[in-house]
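Text of the file structure.csv, holding CSV, C-alpha atoms and all ligand atoms:
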chain,number,residue,atom,x,y,z
A,1,MET,CA,0.2,-20.4,-28.4
A,2,LYS,CA,-2.8,-19.1,-26.4
A,3,GLU,CA,-3.0,-22.3,-24.4
A,4,GLU,CA,0.7,-22.1,-23.7
A,5,ILE,CA,0.4,-18.6,-22.2
A,6,ILE,CA,-2.6,-19.4,-20.1
A,7,LYS,CA,-0.8,-22.5,-18.8
A,8,LEU,CA,2.1,-20.2,-17.8
A,9,LEU,CA,-0.3,-17.7,-16.2
A,10,LYS,CA,-1.8,-20.4,-14.1
A,11,LEU,CA,1.4,-22.1,-13.3
A,12,GLU,CA,1.0,-23.8,-10.0
A,13,GLY,CA,-1.7,-21.2,-9.2
A,14,LYS,CA,1.1,-18.7,-8.6
A,15,LEU,CA,2.5,-15.7,-10.4
A,16,SER,CA,6.1,-15.6,-9.3
A,17,ASP,CA,8.8,-13.2,-10.6
A,18,GLU,CA,10.1,-15.9,-12.8
A,19,THR,CA,6.7,-16.6,-14.3
A,20,ILE,CA,6.3,-12.9,-15.0
A,21,GLU,CA,9.8,-12.7,-16.6
A,22,GLU,CA,8.9,-15.8,-18.8
A,23,ILE,CA,5.6,-14.2,-19.8
A,24,ASN,CA,7.4,-10.9,-20.7
A,25,THR,CA,9.6,-12.7,-23.2
A,26,ILE,CA,6.5,-13.8,-25.2
A,27,ASP,CA,5.7,-11.5,-28.0
A,28,ILE,CA,2.1,-11.9,-29.0
A,29,SER,CA,-0.2,-9.1,-30.1
A,30,ASP,CA,-3.4,-10.0,-28.3
A,31,PHE,CA,-1.5,-10.5,-25.0
A,32,SER,CA,-3.5,-7.9,-23.1
A,33,ASN,CA,-6.7,-9.9,-23.6
A,34,LEU,CA,-5.0,-12.9,-22.0
A,35,VAL,CA,-4.0,-10.8,-19.0
A,36,LYS,CA,-7.7,-10.8,-18.1
A,37,GLU,CA,-7.4,-14.5,-17.5
A,38,ILE,CA,-5.2,-14.1,-14.5
A,39,GLY,CA,-6.3,-13.3,-10.9
A,40,LYS,CA,-9.4,-15.4,-11.4
A,41,GLU,CA,-8.3,-18.4,-9.4
A,42,LYS,CA,-10.4,-19.9,-6.6
A,43,THR,CA,-9.2,-18.4,-3.3
A,44,ASN,CA,-9.9,-19.4,0.3
A,45,TYR,CA,-11.1,-16.2,2.0
A,46,ILE,CA,-10.5,-13.2,-0.2
A,47,LYS,CA,-13.5,-13.2,-2.5
A,48,ALA,CA,-13.7,-10.9,-5.5
A,49,GLU,CA,-17.5,-11.3,-5.7
A,50,GLU,CA,-18.1,-10.3,-2.1
A,51,ILE,CA,-16.0,-7.2,-2.5
A,52,SER,CA,-17.6,-6.3,-5.8
A,53,LYS,CA,-21.1,-6.8,-4.4
A,54,GLU,CA,-20.7,-4.2,-1.7
A,55,LEU,CA,-18.1,-1.8,-3.3
A,56,ASN,CA,-19.5,1.7,-3.8
A,57,THR,CA,-16.8,3.3,-6.0
A,58,GLU,CA,-16.6,4.8,-9.5
A,59,TYR,CA,-13.3,3.2,-10.6
A,60,ILE,CA,-11.2,2.0,-7.7
A,61,GLY,CA,-11.4,-1.8,-7.4
A,62,LYS,CA,-13.8,-2.2,-10.4
A,63,GLU,CA,-11.3,-4.7,-11.7
A,64,LEU,CA,-10.0,-7.1,-9.1
A,65,TYR,CA,-7.1,-9.6,-9.6
A,66,VAL,CA,-7.2,-12.1,-6.7
A,67,PHE,CA,-4.6,-14.7,-5.8
A,68,LYS,CA,-4.0,-17.4,-3.2
A,69,GLU,CA,-0.3,-16.7,-3.3
A,70,VAL,CA,2.1,-14.4,-5.2
A,71,SER,CA,5.6,-13.2,-4.7
A,72,SER,CA,4.5,-9.6,-4.2
A,73,THR,CA,1.2,-7.9,-5.2
A,74,ASN,CA,3.3,-4.8,-6.2
A,75,THR,CA,5.3,-7.0,-8.7
A,76,VAL,CA,2.1,-8.4,-10.2
A,77,ALA,CA,0.5,-4.9,-10.3
A,78,LYS,CA,3.6,-3.6,-12.2
A,79,PHE,CA,3.3,-6.4,-14.7
A,80,LEU,CA,-0.4,-5.8,-15.2
A,81,SER,CA,0.0,-2.0,-15.5
A,82,ASN,CA,2.5,-2.7,-18.4
A,83,ASN,CA,-0.3,-4.5,-20.0
A,84,ASN,CA,-2.9,-1.8,-20.0
A,85,VAL,CA,-5.2,-2.9,-17.3
A,86,GLU,CA,-8.0,-0.5,-16.2
A,87,ASN,CA,-7.2,2.6,-14.0
A,88,GLY,CA,-7.9,1.7,-10.4
A,89,SER,CA,-7.4,-2.1,-10.8
A,90,VAL,CA,-6.5,-3.8,-7.6
A,91,VAL,CA,-4.3,-6.9,-7.0
A,92,ILE,CA,-5.0,-8.8,-3.8
A,93,SER,CA,-3.3,-12.0,-2.5
A,94,GLU,CA,-4.0,-14.1,0.6
A,95,LYS,CA,-0.3,-14.6,1.0
A,96,GLN,CA,3.0,-13.2,-0.4
A,97,THR,CA,6.3,-15.1,-0.5
A,98,ASP,CA,8.6,-12.2,-1.4
A,99,ALA,CA,6.9,-9.0,-0.4
A,100,ARG,CA,8.8,-5.7,-0.3
A,101,GLY,CA,8.7,-3.0,2.4
A,102,ARG,CA,10.3,0.4,2.4
A,103,SER,CA,14.0,1.1,2.3
A,104,GLY,CA,14.7,-2.3,0.6
A,105,LYS,CA,13.4,-4.3,3.5
A,106,SER,CA,11.3,-7.4,3.1
A,107,TRP,CA,7.7,-7.5,4.4
A,108,GLU,CA,6.2,-10.4,6.3
A,109,SER,CA,2.9,-11.5,4.6
A,110,PRO,CA,1.4,-14.7,6.1
A,111,LEU,CA,-2.1,-15.9,5.6
A,112,GLY,CA,-4.6,-13.7,7.5
A,113,GLY,CA,-3.4,-10.3,6.3
A,114,VAL,CA,-4.7,-7.9,3.7
A,115,TRP,CA,-2.0,-7.6,1.0
A,116,LEU,CA,-3.0,-5.5,-1.9
A,117,SER,CA,-1.8,-3.1,-4.6
A,118,ILE,CA,-3.8,-0.4,-6.4
A,119,ILE,CA,-2.8,0.5,-10.0
A,120,LEU,CA,-3.3,4.2,-10.9
A,121,ASN,CA,-2.8,5.0,-14.6
A,122,GLN,CA,-2.2,8.7,-14.2
A,123,ASP,CA,0.7,10.9,-14.7
A,124,VAL,CA,1.8,12.3,-11.3
A,125,ASP,CA,4.4,14.9,-10.8
A,126,HIS,CA,7.4,13.4,-8.9
A,127,SER,CA,7.1,16.0,-6.2
A,128,ARG,CA,3.5,14.9,-5.5
A,129,LEU,CA,4.3,11.2,-4.9
A,130,PRO,CA,4.8,11.6,-1.1
A,131,LEU,CA,1.3,13.1,-1.0
A,132,ILE,CA,-0.1,9.9,-2.6
A,133,THR,CA,1.4,7.9,0.2
A,134,LEU,CA,0.1,10.2,2.9
A,135,SER,CA,-3.3,10.1,1.3
A,136,THR,CA,-3.3,6.3,1.4
A,137,GLY,CA,-2.3,6.5,5.1
A,138,VAL,CA,-5.4,8.6,5.7
A,139,ALA,CA,-7.6,6.2,3.8
A,140,VAL,CA,-6.3,3.3,5.8
A,141,ALA,CA,-6.8,5.1,9.1
A,142,LYS,CA,-10.4,6.1,8.1
A,143,ALA,CA,-11.2,2.5,7.1
A,144,LEU,CA,-9.9,1.3,10.5
A,145,GLU,CA,-12.0,3.9,12.2
A,146,ARG,CA,-15.1,2.6,10.3
A,147,ILE,CA,-14.6,-0.9,11.5
A,148,GLY,CA,-14.3,0.2,15.1
A,149,ILE,CA,-10.6,1.0,15.8
A,150,LYS,CA,-10.7,4.1,18.1
A,151,ASN,CA,-7.3,5.7,17.6
A,152,PRO,CA,-5.4,4.7,14.5
A,153,GLU,CA,-2.4,7.1,14.1
A,154,ILE,CA,-0.1,7.7,11.2
A,155,LYS,CA,3.6,7.6,11.8
A,156,TRP,CA,5.4,9.6,9.1
A,157,PRO,CA,5.5,8.8,6.3
A,158,ASN,CA,3.3,5.8,6.1
A,159,ASP,CA,3.0,3.5,9.1
A,160,ILE,CA,-0.4,3.1,10.6
A,161,MET,CA,-0.1,2.6,14.4
A,162,ILE,CA,-2.5,1.4,17.0
A,163,ASN,CA,-1.5,1.8,20.6
A,164,ASP,CA,2.1,2.4,19.7
A,165,LYS,CA,2.4,-0.7,17.5
A,166,LYS,CA,2.5,-0.9,13.7
A,167,VAL,CA,-0.5,-2.5,12.0
A,168,CYS,CA,0.0,-1.4,8.4
A,169,GLY,CA,2.7,-0.3,5.9
A,170,ILE,CA,2.4,1.4,2.6
A,171,LEU,CA,4.9,1.1,-0.4
A,172,THR,CA,4.3,3.5,-3.3
A,173,GLU,CA,6.2,2.7,-6.5
A,174,ALA,CA,6.1,4.8,-9.6
A,175,ILE,CA,6.5,3.5,-13.2
A,176,ALA,CA,8.2,6.1,-15.3
A,177,LYS,CA,8.9,6.3,-19.0
A,178,PHE,CA,11.2,9.0,-20.3
A,179,ASN,CA,11.2,10.7,-16.9
A,180,THR,CA,7.4,10.9,-16.8
A,181,ILE,CA,5.4,8.9,-14.3
A,182,GLU,CA,2.8,6.9,-16.2
A,183,ASN,CA,1.6,4.6,-13.5
A,184,VAL,CA,1.6,4.5,-9.7
A,185,ILE,CA,1.4,1.3,-7.8
A,186,ILE,CA,0.3,1.7,-4.2
A,187,GLY,CA,1.0,-1.4,-2.1
A,188,VAL,CA,-0.8,-1.7,1.2
A,189,GLY,CA,-0.2,-4.4,3.9
A,190,ILE,CA,-2.6,-4.6,6.8
A,191,ASP,CA,-1.9,-7.0,9.6
A,192,ALA,CA,-5.5,-8.2,10.0
A,193,SER,CA,-5.6,-11.5,11.8
A,194,PHE,CA,-2.6,-13.8,12.0
A,195,ASP,CA,-0.9,-15.3,15.0
A,196,MET,CA,2.3,-13.3,16.1
A,197,ASN,CA,4.3,-16.5,15.9
A,198,GLU,CA,3.8,-16.3,12.1
A,199,ILE,CA,6.3,-13.4,11.9
A,200,PRO,CA,10.0,-13.3,13.1
A,201,GLU,CA,10.5,-12.7,16.8
A,202,ASP,CA,12.3,-9.4,16.4
A,203,LEU,CA,9.2,-7.9,14.8
A,204,GLN,CA,6.6,-9.3,17.2
A,205,ASP,CA,7.0,-6.6,19.9
A,206,GLY,CA,6.4,-3.6,17.5
A,207,THR,CA,3.6,-5.2,15.6
A,208,THR,CA,-0.1,-5.6,16.3
A,209,THR,CA,-3.1,-7.1,14.4
A,210,LEU,CA,-6.6,-5.7,14.0
A,211,GLU,CA,-7.9,-8.9,15.6
A,212,LYS,CA,-5.9,-8.3,18.7
A,213,GLU,CA,-6.9,-4.6,18.9
A,214,LEU,CA,-10.6,-5.2,18.2
A,215,GLY,CA,-11.0,-8.4,20.2
A,216,ARG,CA,-12.7,-9.9,17.2
A,217,LYS,CA,-11.9,-10.8,13.6
A,218,GLU,CA,-13.1,-8.4,10.9
A,219,ASN,CA,-14.0,-10.0,7.6
A,220,GLU,CA,-11.2,-9.3,5.2
A,221,ASN,CA,-13.5,-8.6,2.3
A,222,THR,CA,-15.4,-6.0,4.2
A,223,LEU,CA,-12.2,-4.3,5.3
A,224,ILE,CA,-10.9,-4.2,1.7
A,225,THR,CA,-14.2,-2.8,0.5
A,226,ILE,CA,-14.3,0.0,3.1
A,227,PHE,CA,-10.6,0.8,2.4
A,228,LEU,CA,-11.1,1.0,-1.4
A,229,GLU,CA,-14.0,3.4,-0.8
A,230,GLU,CA,-12.0,5.6,1.4
A,231,PHE,CA,-9.1,5.5,-1.0
A,232,GLU,CA,-11.2,6.6,-3.9
A,233,LYS,CA,-12.6,9.6,-1.9
A,234,ILE,CA,-9.1,10.8,-0.9
A,235,ILE,CA,-7.5,10.2,-4.3
A,236,ASN,CA,-10.3,12.3,-5.8
A,237,LEU,CA,-9.3,15.1,-3.4
A,238,PHE,CA,-5.7,14.6,-4.6
A,239,ASN,CA,-6.8,14.9,-8.3
A,240,GLU,CA,-8.7,18.0,-7.4
A,241,GLN,CA,-5.5,19.4,-5.9
A,242,GLU,CA,-7.2,19.7,-2.5
A,243,PHE,CA,-3.9,19.0,-0.8
A,244,GLU,CA,-4.6,21.1,2.3
A,245,LYS,CA,-7.7,19.0,3.0
A,246,ILE,CA,-5.7,15.8,2.8
A,247,LEU,CA,-3.0,17.2,5.1
A,248,LYS,CA,-5.6,18.3,7.6
A,249,GLU,CA,-6.9,14.8,7.8
A,250,TRP,CA,-3.3,13.5,8.1
A,251,ARG,CA,-2.4,16.0,10.9
A,252,LYS,CA,-5.5,15.0,12.9
A,253,ARG,CA,-4.1,11.5,13.1
A,254,SER,CA,-0.4,12.2,13.3
A,255,TYR,CA,1.7,10.0,15.5
A,256,THR,CA,4.8,12.0,14.7
A,257,ILE,CA,4.0,15.8,15.1
A,258,GLY,CA,5.1,17.1,18.6
A,259,LYS,CA,7.6,14.3,19.2
A,260,ILE,CA,11.4,14.3,19.5
A,261,VAL,CA,12.8,12.1,16.7
A,262,GLU,CA,16.0,10.9,15.2
A,263,VAL,CA,15.9,11.6,11.5
A,264,ARG,CA,17.7,9.1,9.2
A,265,ALA,CA,17.6,10.9,5.9
A,266,PRO,CA,19.4,9.5,2.7
A,267,PHE,CA,23.2,9.8,2.4
A,268,ASN,CA,23.7,9.0,6.1
A,269,LYS,CA,22.3,12.4,7.2
A,270,TYR,CA,21.3,11.6,10.8
A,271,TYR,CA,20.2,14.2,13.4
A,272,ASP,CA,17.8,14.7,16.3
A,273,GLY,CA,15.1,17.2,16.3
A,274,TYR,CA,11.5,18.2,17.3
A,275,VAL,CA,8.7,17.6,14.8
A,276,VAL,CA,7.0,20.9,14.2
A,277,GLY,CA,4.6,19.8,11.5
A,278,ILE,CA,4.1,18.6,7.9
A,279,GLY,CA,4.6,20.9,4.9
A,280,LYS,CA,2.3,21.2,1.9
A,281,GLU,CA,4.3,18.8,-0.2
A,282,GLY,CA,4.2,16.2,2.5
A,283,ALA,CA,7.6,16.8,4.0
A,284,LEU,CA,8.1,16.5,7.7
A,285,ILE,CA,9.3,19.8,9.3
A,286,VAL,CA,11.9,19.2,12.0
A,287,GLU,CA,13.4,21.8,14.3
A,288,LYS,CA,17.1,20.8,14.9
A,289,ILE,CA,18.9,21.3,18.3
A,290,ASP,CA,20.5,24.5,16.9
A,291,GLY,CA,17.0,25.9,16.2
A,292,SER,CA,17.2,25.6,12.4
A,293,LEU,CA,14.4,24.0,10.5
A,294,GLU,CA,14.9,21.0,8.2
A,295,LYS,CA,12.4,19.5,5.7
A,296,VAL,CA,12.5,15.8,5.5
A,297,ILE,CA,11.2,14.5,2.2
A,298,SER,CA,12.3,10.8,2.5
A,299,GLY,CA,13.9,8.6,5.1
A,300,GLU,CA,13.2,7.1,8.4
A,301,CYS,CA,12.1,8.8,11.6
A,302,ILE,CA,12.7,7.1,14.9
A,303,ILE,CA,10.6,8.4,17.8
A,304,LYS,CA,12.6,9.2,20.9
A,305,ASN,CA,10.0,10.1,23.4
B,401,LIG,C1,6.6,-0.8,4.9
B,401,LIG,O1,6.1,-0.3,5.9
B,401,LIG,O2,7.8,-1.0,4.8
B,401,LIG,C2,5.8,-0.9,3.6
B,401,LIG,C3,5.2,-2.3,3.5
B,401,LIG,C4,4.3,-2.5,2.3
B,401,LIG,C5,3.8,-3.9,2.2
B,401,LIG,C6,2.8,-4.1,1.1
B,401,LIG,S1,1.9,-5.6,1.2
B,401,LIG,C7,1.2,-5.4,-0.4
B,401,LIG,C8,2.3,-4.8,-1.3
B,401,LIG,N1,3.2,-5.8,-1.9
B,401,LIG,C9,4.5,-5.7,-1.5
B,401,LIG,O3,5.4,-6.4,-1.8
B,401,LIG,N2,4.6,-4.7,-0.6
B,401,LIG,C10,3.3,-4.0,-0.4
Rewrite the coordinates I just gave you, this time as structure tokens.
Ligand code: BTN
Amino acid sequence: MKEEIIKLLKLEGKLSDETIEEINTIDISDFSNLVKEIGKEKTNYIKAEEISKELNTEYIGKELYVFKEVSSTNTVAKFLSNNNVENGSVVISEKQTDARGRSGKSWESPLGGVWLSIILNQDVDHSRLPLITLSTGVAVAKALERIGIKNPEIKWPNDIMINDKKVCGILTEAIAKFNTIENVIIGVGIDASFDMNEIPEDLQDGTTTLEKELGRKENENTLITIFLEEFEKIINLFNEQEFEKILKEWRKRSYTIGKIVEVRAPFNKYYDGYVVGIGKEGALIVEKIDGSLEKVISGECIIKN
């Protein structure tokens, strides 16, 4: 039986949605030990040992699950979090074949990007989830500053921009049982160093890569290490309820405050307005044309000027 499962886990070196489904149907009591077998395959340029050697954290990234190719690191992370992996475990893949973006969109993930998901085993109040995404945005921006990017900015809620082009997206997903959030999966996609022709033409104009902006290639393992360190620092602030400190860092790098935007909130609630600031729960505060203030908790925000 054990051999069977390990064979499944290593199926073609991938962990596709189908494989995960198949594994989930197997009822075996020591299954969580076998989970440790996955994410140990030989990869081309993401190297767990290189990251672990340099990483200076208490718990984020202490367990790394590294793949050559998966459907989506968020999907793998969800599967692992259902099997009691350590708090702060990180799933990284060199390529994703079916990655997800926000608002049900897909996410292009060719070789040469940093595609990872962090698993937090902590119960978080629903109302605080947006702050986790904003915190992650600050951690990415700080990591980019540390590798030499001069002006990374955060477009609400979670796009990291360099010189008006998107370089990173964040997808936070919560796993709730009986209405209580038990695990949070934070998916981060950084466009590190691939050729623009690797992504569809309609995305090329609005996208940039770190390699393009730096004029050199940064080592992916170094970038991951730095990001995980910044992430742990800011998530510690989150856990200490130091929300104002997080928002201060976010505001300093905001791409959205002070701009005229079109808000596309859920239920087709579209309107134009001026972004006044960000509220303490992470909502964008927008002044509408009639002078009234609106709090935007979720949705899209299109910059108009
Ligand atoms: C967005 O801007 O729409 C969010 C994109 C999030 C992409 C990352 S890549 C790693 C993780 N796995 C996924 O399937 N999505 C996230």
Using only C-alpha atoms, which protein or nucleic acid residues come within 6 Å of segment 226-229 of chain A? Drop anything in the same chain fewer than 3 positions from it, and give the result as a PDB file with C-alpha atoms, in the coordinates of the input.
ATOM      1  CA  THR A  57     -16.800   3.300  -6.000  1.00  0.00           C
ATOM      2  CA  ALA A 143     -11.200   2.500   7.100  1.00  0.00           C
ATOM      3  CA  LEU A 223     -12.200  -4.300   5.300  1.00  0.00           C
ATOM      4  CA  GLU A 232     -11.200   6.600  -3.900  1.00  0.00           C
TER       5      GLU A 232
END
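Of the listed residues A:Gly277, A:Gly206, A:Gly215, A:Gly169, the one whose atoms come nearest to ligand LIG 401 (chain B) is A:Gly169, with distances taken using only C-alpha atoms and all ligand atoms.
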Would you pick out the contacts of Ile260 of chain A at 10 Å or less, using all atoms listed in the file, so that residues sharing its chain but fewer than 4 positions from it are not included, and give the list as a list in words?
Thr256, Asp272, Gly273, Tyr274, Val275, Val276, Val286, Glu287, Lys288, Cys301, Ile302, Ile303, Lys304 and Asn305 of chain A
Atom CA of Lys252 of chain A and atom CA of Asp205 of chain A, how far apart in Å?
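Atom CA of Lys252 of chain A lies at a distance of 25.9 Å from atom CA of Asp205 of chain A.
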Around the point (-3.9, -6.3, 15.1) (coordinates from the file), which residues reach within 6 Å if we count all atoms listed in the file? Answer as a PDB file with C-alpha atoms, in the coordinates of the input.
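As a result, out-v1.pdb now contains:
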ATOM      1  CA  VAL A 167      -0.500  -2.500  12.000  1.00  0.00           C
ATOM      2  CA  ASP A 191      -1.900  -7.000   9.600  1.00  0.00           C
ATOM      3  CA  ALA A 192      -5.500  -8.200  10.000  1.00  0.00           C
ATOM      4  CA  THR A 208      -0.100  -5.600  16.300  1.00  0.00           C
ATOM      5  CA  THR A 209      -3.100  -7.100  14.400  1.00  0.00           C
ATOM      6  CA  LEU A 210      -6.600  -5.700  14.000  1.00  0.00           C
ATOM      7  CA  GLU A 211      -7.900  -8.900  15.600  1.00  0.00           C
ATOM      8  CA  LYS A 212      -5.900  -8.300  18.700  1.00  0.00           C
ATOM      9  CA  GLU A 213      -6.900  -4.600  18.900  1.00  0.00           C
TER      10      GLU A 213
END
Could you please extract the residues within 9 Å of ligand LIG 401 (chain B), counting only C-alpha atoms and all ligand atoms, and hand them back as a PyMOL selection string?
chain A and resi 71-77+91-93+96-109+113-117+158-160+166+168-172+185-190
Would you kindly return, as a PyMOL selection string, each protein, DNA or RNA residue with an atom no farther than 7 Å from any atom of Ala141 of chain A, considering all atoms listed in the file and excluding same-chain residues fewer than 4 positions away?
chain A and resi 137+145+152-153+160
Tell me which of A:Leu144, A:Leu214, A:Leu134, A:Met196 sits closest to Lys280 of chain A, counting only C-alpha atoms.
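Closest candidate: A:Leu134.
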Pull segment 221-258 of chain A out of the block and emit C-alpha atoms, as an mmCIF file, in the first residue's frame.
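Dumped to part.cif:
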data_model
loop_
_atom_site.group_PDB
_atom_site.id
_atom_site.type_symbol
_atom_site.label_atom_id
_atom_site.label_comp_id
_atom_site.auth_asym_id
_atom_site.auth_seq_id
_atom_site.Cartn_x
_atom_site.Cartn_y
_atom_site.Cartn_z
ATOM 1 C CA ASN A 221 16.652 31.140 -4.352
ATOM 2 C CA THR A 222 18.082 34.374 -2.930
ATOM 3 C CA LEU A 223 14.879 36.230 -3.775
ATOM 4 C CA ILE A 224 12.733 33.540 -2.123
ATOM 5 C CA THR A 225 14.927 33.573 0.997
ATOM 6 C CA ILE A 226 14.713 37.356 1.326
ATOM 7 C CA PHE A 227 10.969 37.369 0.724
ATOM 8 C CA LEU A 228 10.313 34.655 3.338
ATOM 9 C CA GLU A 229 12.319 36.643 5.907
ATOM 10 C CA GLU A 230 10.322 39.805 5.177
ATOM 11 C CA PHE A 231 7.102 37.804 5.269
ATOM 12 C CA GLU A 232 7.845 36.382 8.722
ATOM 13 C CA LYS A 233 8.655 39.851 10.076
ATOM 14 C CA ILE A 234 5.372 41.312 8.867
ATOM 15 C CA ILE A 235 3.221 38.336 9.819
ATOM 16 C CA ASN A 236 4.678 38.625 13.326
ATOM 17 C CA LEU A 237 3.449 42.242 13.366
ATOM 18 C CA PHE A 238 0.048 40.957 12.180
ATOM 19 C CA ASN A 239 -0.057 38.408 15.012
ATOM 20 C CA GLU A 240 0.889 41.120 17.510
ATOM 21 C CA GLN A 241 -2.076 43.124 16.128
ATOM 22 C CA GLU A 242 0.252 45.932 15.065
ATOM 23 C CA PHE A 243 -2.042 46.695 12.135
ATOM 24 C CA GLU A 244 -1.242 50.406 12.022
ATOM 25 C CA LYS A 245 2.470 49.646 11.566
ATOM 26 C CA ILE A 246 1.641 47.389 8.606
ATOM 27 C CA LEU A 247 -0.651 49.979 7.045
ATOM 28 C CA LYS A 248 2.019 52.656 7.458
ATOM 29 C CA GLU A 249 4.437 50.530 5.411
ATOM 30 C CA TRP A 250 1.689 49.877 2.856
ATOM 31 C CA ARG A 251 0.777 53.577 2.533
ATOM 32 C CA LYS A 252 4.434 54.516 1.972
ATOM 33 C CA ARG A 253 4.448 52.310 -1.143
ATOM 34 C CA SER A 254 0.877 52.865 -2.324
ATOM 35 C CA TYR A 255 0.314 53.153 -6.046
ATOM 36 C CA THR A 256 -3.409 53.801 -5.558
ATOM 37 C CA ILE A 257 -3.836 56.551 -2.932
ATOM 38 C CA GLY A 258 -4.349 59.966 -4.546
#
